[in-house]
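Participant: Next comes upload.cif, mmCIF, C-alpha atoms:
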```
data_protein
loop_
_atom_site.label_atom_id
_atom_site.label_comp_id
_atom_site.auth_asym_id
_atom_site.auth_seq_id
_atom_site.Cartn_x
_atom_site.Cartn_y
_atom_site.Cartn_z
CA MET A 1 -65.56 21.12 -38.03
CA ILE A 2 -64.89 17.98 -36.02
CA ARG A 3 -61.76 16.07 -37.06
CA LEU A 4 -60.20 12.78 -36.03
CA VAL A 5 -56.43 13.09 -35.64
CA ILE A 6 -54.15 10.06 -35.57
CA ARG A 7 -50.48 10.29 -34.59
CA ASP A 8 -48.05 7.60 -35.69
CA VAL A 9 -45.02 6.42 -33.72
CA GLU A 10 -42.72 8.79 -35.65
CA GLY A 11 -44.80 11.84 -34.68
CA GLY A 12 -46.56 12.26 -38.05
CA GLU A 13 -50.25 13.07 -38.00
CA ALA A 14 -53.20 12.28 -40.24
CA SER A 15 -56.41 14.27 -39.92
CA PHE A 16 -59.84 13.12 -41.09
CA PRO A 17 -62.75 15.57 -41.20
CA VAL A 18 -66.06 14.11 -40.04
CA THR A 19 -68.31 15.22 -42.89
CA GLY A 20 -70.23 11.99 -43.44
CA GLU A 21 -69.46 8.47 -42.32
CA LEU A 22 -65.93 7.24 -41.56
CA VAL A 23 -65.54 3.48 -41.10
CA ILE A 24 -62.47 2.45 -39.11
CA GLY A 25 -60.88 -0.99 -39.44
CA ARG A 26 -58.40 -3.23 -41.28
CA SER A 27 -60.41 -3.62 -44.49
CA ARG A 28 -59.32 -1.80 -47.64
CA GLU A 29 -62.86 -0.39 -47.88
CA CYS A 30 -62.45 1.53 -44.60
CA GLN A 31 -61.81 5.27 -44.73
CA ILE A 32 -59.44 4.98 -41.75
CA ARG A 33 -57.37 1.82 -41.98
CA PHE A 34 -55.06 0.24 -39.39
CA GLU A 35 -52.79 -2.79 -39.82
CA ASP A 36 -53.10 -3.70 -36.12
CA PRO A 37 -54.31 -7.34 -35.82
CA SER A 38 -56.41 -6.40 -32.76
CA VAL A 39 -58.51 -4.13 -35.02
CA SER A 40 -61.47 -5.80 -36.74
CA ARG A 41 -62.01 -5.54 -40.49
CA ARG A 42 -64.93 -3.16 -39.82
CA HIS A 43 -64.30 -2.13 -36.23
CA ALA A 44 -66.20 1.14 -35.66
CA ARG A 45 -67.76 4.02 -37.49
CA VAL A 46 -67.96 7.75 -36.85
CA PHE A 47 -70.82 9.64 -38.43
CA LEU A 48 -72.73 12.90 -38.15
CA ASP A 49 -76.06 13.01 -36.35
CA TYR A 50 -77.71 16.44 -36.47
CA GLY A 51 -74.28 18.02 -36.95
CA GLU A 52 -72.65 16.19 -34.04
CA ALA A 53 -70.04 13.43 -34.40
CA VAL A 54 -71.13 10.04 -33.07
CA ILE A 55 -69.06 6.86 -32.70
CA GLU A 56 -70.50 3.36 -32.86
CA ASP A 57 -68.71 0.05 -32.35
CA LEU A 58 -69.57 -2.38 -35.17
CA GLY A 59 -69.56 -5.52 -33.00
CA SER A 60 -65.78 -5.82 -32.75
CA PRO A 61 -64.53 -8.47 -30.29
CA ASN A 62 -61.95 -6.11 -28.74
CA GLY A 63 -64.34 -3.19 -28.48
CA THR A 64 -63.93 0.54 -28.94
CA LEU A 65 -62.94 2.82 -26.05
CA VAL A 66 -63.67 6.51 -25.62
CA ASN A 67 -61.81 8.06 -22.70
CA ARG A 68 -61.05 4.51 -21.46
CA GLN A 69 -64.75 3.57 -21.36
CA ARG A 70 -66.09 0.84 -23.65
CA VAL A 71 -68.62 2.06 -26.21
CA ALA A 72 -71.77 -0.05 -25.73
CA SER A 73 -74.11 2.04 -27.89
CA PRO A 74 -73.69 5.03 -30.23
CA LEU A 75 -71.92 7.80 -28.29
CA ARG A 76 -71.66 11.52 -29.08
CA LEU A 77 -68.06 12.69 -29.31
CA LYS A 78 -66.73 15.90 -27.80
CA THR A 79 -63.61 17.92 -28.51
CA GLY A 80 -60.72 16.40 -26.60
CA ASP A 81 -62.14 12.87 -26.48
CA ALA A 82 -59.58 10.10 -26.91
CA ILE A 83 -60.69 7.07 -28.91
CA GLN A 84 -58.79 3.80 -28.67
CA ILE A 85 -59.23 1.08 -31.25
CA GLY A 86 -56.85 -1.83 -30.69
CA THR A 87 -53.53 -0.17 -29.86
CA GLU A 88 -54.34 2.86 -31.99
CA LYS A 89 -55.29 6.18 -30.40
CA ILE A 90 -57.37 8.84 -32.11
CA ARG A 91 -57.92 12.38 -30.80
CA VAL A 92 -61.14 14.32 -31.47
CA ILE A 93 -60.50 17.99 -32.23
CA GLU A 94 -62.57 20.88 -33.51
CA THR A 95 -61.26 23.28 -36.11
CA SER A 96 -62.68 26.57 -37.27
CA PRO A 97 -63.77 27.10 -40.88
CA LEU A 98 -60.78 29.43 -41.31
CA GLU A 99 -58.35 26.70 -40.19
CA ASP A 100 -60.03 24.21 -42.54
CA PHE A 101 -59.73 26.65 -45.44
CA ALA A 102 -56.08 27.40 -44.64
CA ALA A 103 -55.23 23.70 -44.43
CA SER A 104 -56.93 22.92 -47.75
CA THR A 105 -55.39 25.86 -49.65
CA GLU A 106 -51.86 25.30 -48.29
CA VAL A 107 -51.67 22.01 -50.17
CA HIS A 108 -53.11 23.46 -53.39
CA MET A 109 -50.96 26.61 -53.37
CA ARG A 110 -47.64 24.74 -53.23
CA ALA A 111 -45.89 23.64 -56.42
CA PRO A 112 -46.45 19.93 -57.17
CA ASP A 113 -42.70 19.22 -57.05
CA ALA A 114 -42.08 21.26 -53.86
CA LYS A 115 -40.37 19.54 -50.96
CA PRO A 116 -42.46 18.97 -47.81
CA ILE A 117 -42.55 21.86 -45.37
CA GLU A 118 -40.54 21.01 -42.26
CA ALA A 119 -41.72 22.50 -39.00
CA SER A 120 -39.48 23.08 -36.02
CA ASP A 121 -40.17 21.17 -32.81
CA GLN A 122 -41.73 24.34 -31.39
CA GLU A 123 -44.21 24.55 -34.31
CA ARG A 124 -45.18 20.87 -34.00
CA LYS A 125 -47.11 21.46 -30.78
CA THR A 126 -50.60 20.05 -31.38
CA ALA A 127 -53.60 18.75 -29.51
CA TRP A 128 -51.52 15.62 -28.83
CA ASP A 129 -49.15 17.59 -26.63
CA ASP A 130 -51.93 18.07 -24.09
CA THR A 131 -52.42 15.28 -21.61
CA LEU A 132 -54.90 12.76 -22.96
CA PRO A 133 -58.05 12.35 -20.85
CA PHE A 134 -57.17 8.79 -19.91
CA ASP A 135 -53.82 9.97 -18.50
CA ARG A 136 -55.60 11.84 -15.68
CA LYS A 137 -58.72 11.43 -13.58
CA MET A 138 -61.78 12.36 -15.58
CA GLU A 139 -63.48 14.29 -12.79
CA ALA A 140 -60.44 16.58 -12.55
CA ALA A 141 -60.16 17.09 -16.31
CA ALA A 142 -60.23 20.68 -17.42
CA PRO A 143 -62.27 21.36 -20.55
CA THR A 144 -60.18 21.38 -23.70
CA PRO A 145 -60.43 24.78 -25.37
CA SER A 146 -62.02 24.65 -28.79
CA ALA A 147 -60.09 25.99 -31.75
CA SER A 148 -63.22 27.97 -32.64
CA ALA A 149 -63.44 29.62 -29.23
CA VAL A 150 -63.25 33.39 -29.18
CA PRO A 151 -62.83 35.64 -26.15
CA GLY A 152 -66.16 35.87 -24.39
CA GLY A 153 -67.92 32.99 -26.09
CA ASN A 154 -68.16 30.39 -28.76
CA LEU A 155 -67.78 31.35 -32.43
CA LYS A 156 -71.15 29.87 -33.41
CA TRP A 157 -72.91 32.12 -30.86
CA VAL A 158 -71.06 35.15 -32.24
CA VAL A 159 -72.28 34.25 -35.75
CA ILE A 160 -75.85 33.62 -34.52
CA GLY A 161 -75.82 36.92 -32.64
CA GLY A 162 -74.54 38.75 -35.72
CA ALA A 163 -77.24 37.18 -37.87
CA ALA A 164 -79.93 38.14 -35.34
CA LEU A 165 -78.64 41.72 -35.26
CA LEU A 166 -78.69 41.85 -39.06
CA LEU A 167 -82.33 40.66 -39.10
CA VAL A 168 -83.30 43.36 -36.57
CA VAL A 169 -81.65 46.07 -38.69
CA ILE A 170 -83.37 44.81 -41.87
CA ALA A 171 -86.74 44.67 -40.11
CA TRP A 172 -86.24 48.20 -38.76
CA LEU A 173 -85.38 49.49 -42.25
CA VAL A 174 -88.40 47.78 -43.83
CA PHE A 175 -90.94 48.88 -41.22
CA THR A 176 -89.75 52.48 -40.76
CA GLN A 177 -90.12 53.43 -44.40
#
```
Please, can you express the file's structure as structure tokens?
Facilitator:
Amino acid sequence: MIRLVIRDVEGGEASFPVTGELVIGRSRECQIRFEDPSVSRRHARVFLDYGEAVIEDLGSPNGTLVNRQRVASPLRLKTGDAIQIGTEKIRVIETSPLEDFAASTEVHMRAPDAKPIEASDQERKTAWDDTLPFDRKMEAAAPTPSASAVPGGNLKWVVIGGAALLLVVIAWLVFTQ
């Protein structure tokens, strides 16, 4: 699943899954809200188009940047992209279904009155600790590994291959009887 991750000045992070439409801006109606005066009330939106995350600037005077390039028309987002809206930076990451499940159940499994879990500095290493694309030349940028990557290929191709193999076995069982 594609997520938008925002880091605040104190190092805290907020993560927003892209499952529908996320409007970014200063308005209270926005799903992602910034107080920055250089951010328009309805600045940009991120939405799914055939399962892929797309960003669109909503006519903001200051514009929306992806990897330091101004967004002129709807643009497909990739893992590792860095979005800048006003002074705010947003990182695009991809998480596996297992990571999404673990993140959602961790909150529900803790007692309501439990104190927040504190992570050591070593455990706080996230996608933000990698150099952002606009901190280096784009042509020299190495691809950011996907959280769903498995040795030898992408997880979705492993699942598709497994499904295809299952169909072949079922067909063989049906037609050999």
Participant: Between atom CA of A:Val23 and atom CA of A:Glu56, what is the spacing in Å?
Facilitator: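 Taking atom CA of A:Glu56 as the start and atom CA of A:Val23 as the end point, the length is 9.6 Å.
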Participant: Atom CA of A:Glu88 to atom CA of A:Gly12: how many Å, to one decimal?
Facilitator: 13.6 Å
Participant: Using all atoms listed in the file, find the one residue out of A:Leu65, A:Leu166, A:Val159, A:Ala72 that sits nearest to A:Arg91.
Facilitator: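 Among the listed residues, the smallest separation from A:Arg91 belongs to A:Leu65.
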Participant: Need to verify the contact set: stretch 24-35 of chain A, 9 Å, all atoms listed in the file, exclusion of same-chain residues closer than 4 positions in sequence. Can you return it as an NGL selection string?
Facilitator: :A and (16 or 39-46 or 85 or 88)
Participant: Around the point (-72.3, 17.7, -37.4), in the coordinates given by the file, pick out the residues reaching within 10 Å, counting only C-alpha atoms, and return them as a PyMOL selection string.
Facilitator: chain A and resi 1-2+18-20+47-54
Participant: Mind giving me the straight-line distance from atom CA of A:Ile83 to atom CA of A:Arg68 in Å, one decimal?
Facilitator: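 Interatomic distance here is 7.9 Å.
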Participant: Which residues come within 10 Å of A:Val92, counting all atoms listed in the file, excluding same-chain residues fewer than 4 positions away, as a count of residues only?
Facilitator: 18
Participant: Given all atoms listed in the file as the basis, pick out the residue of A:Leu22, A:Ala14, A:Ile160, A:Leu165 nearest to A:Ile90.
Facilitator: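 Looking only at the distances to A:Ile90, the closest residue turns out to be A:Ala14.
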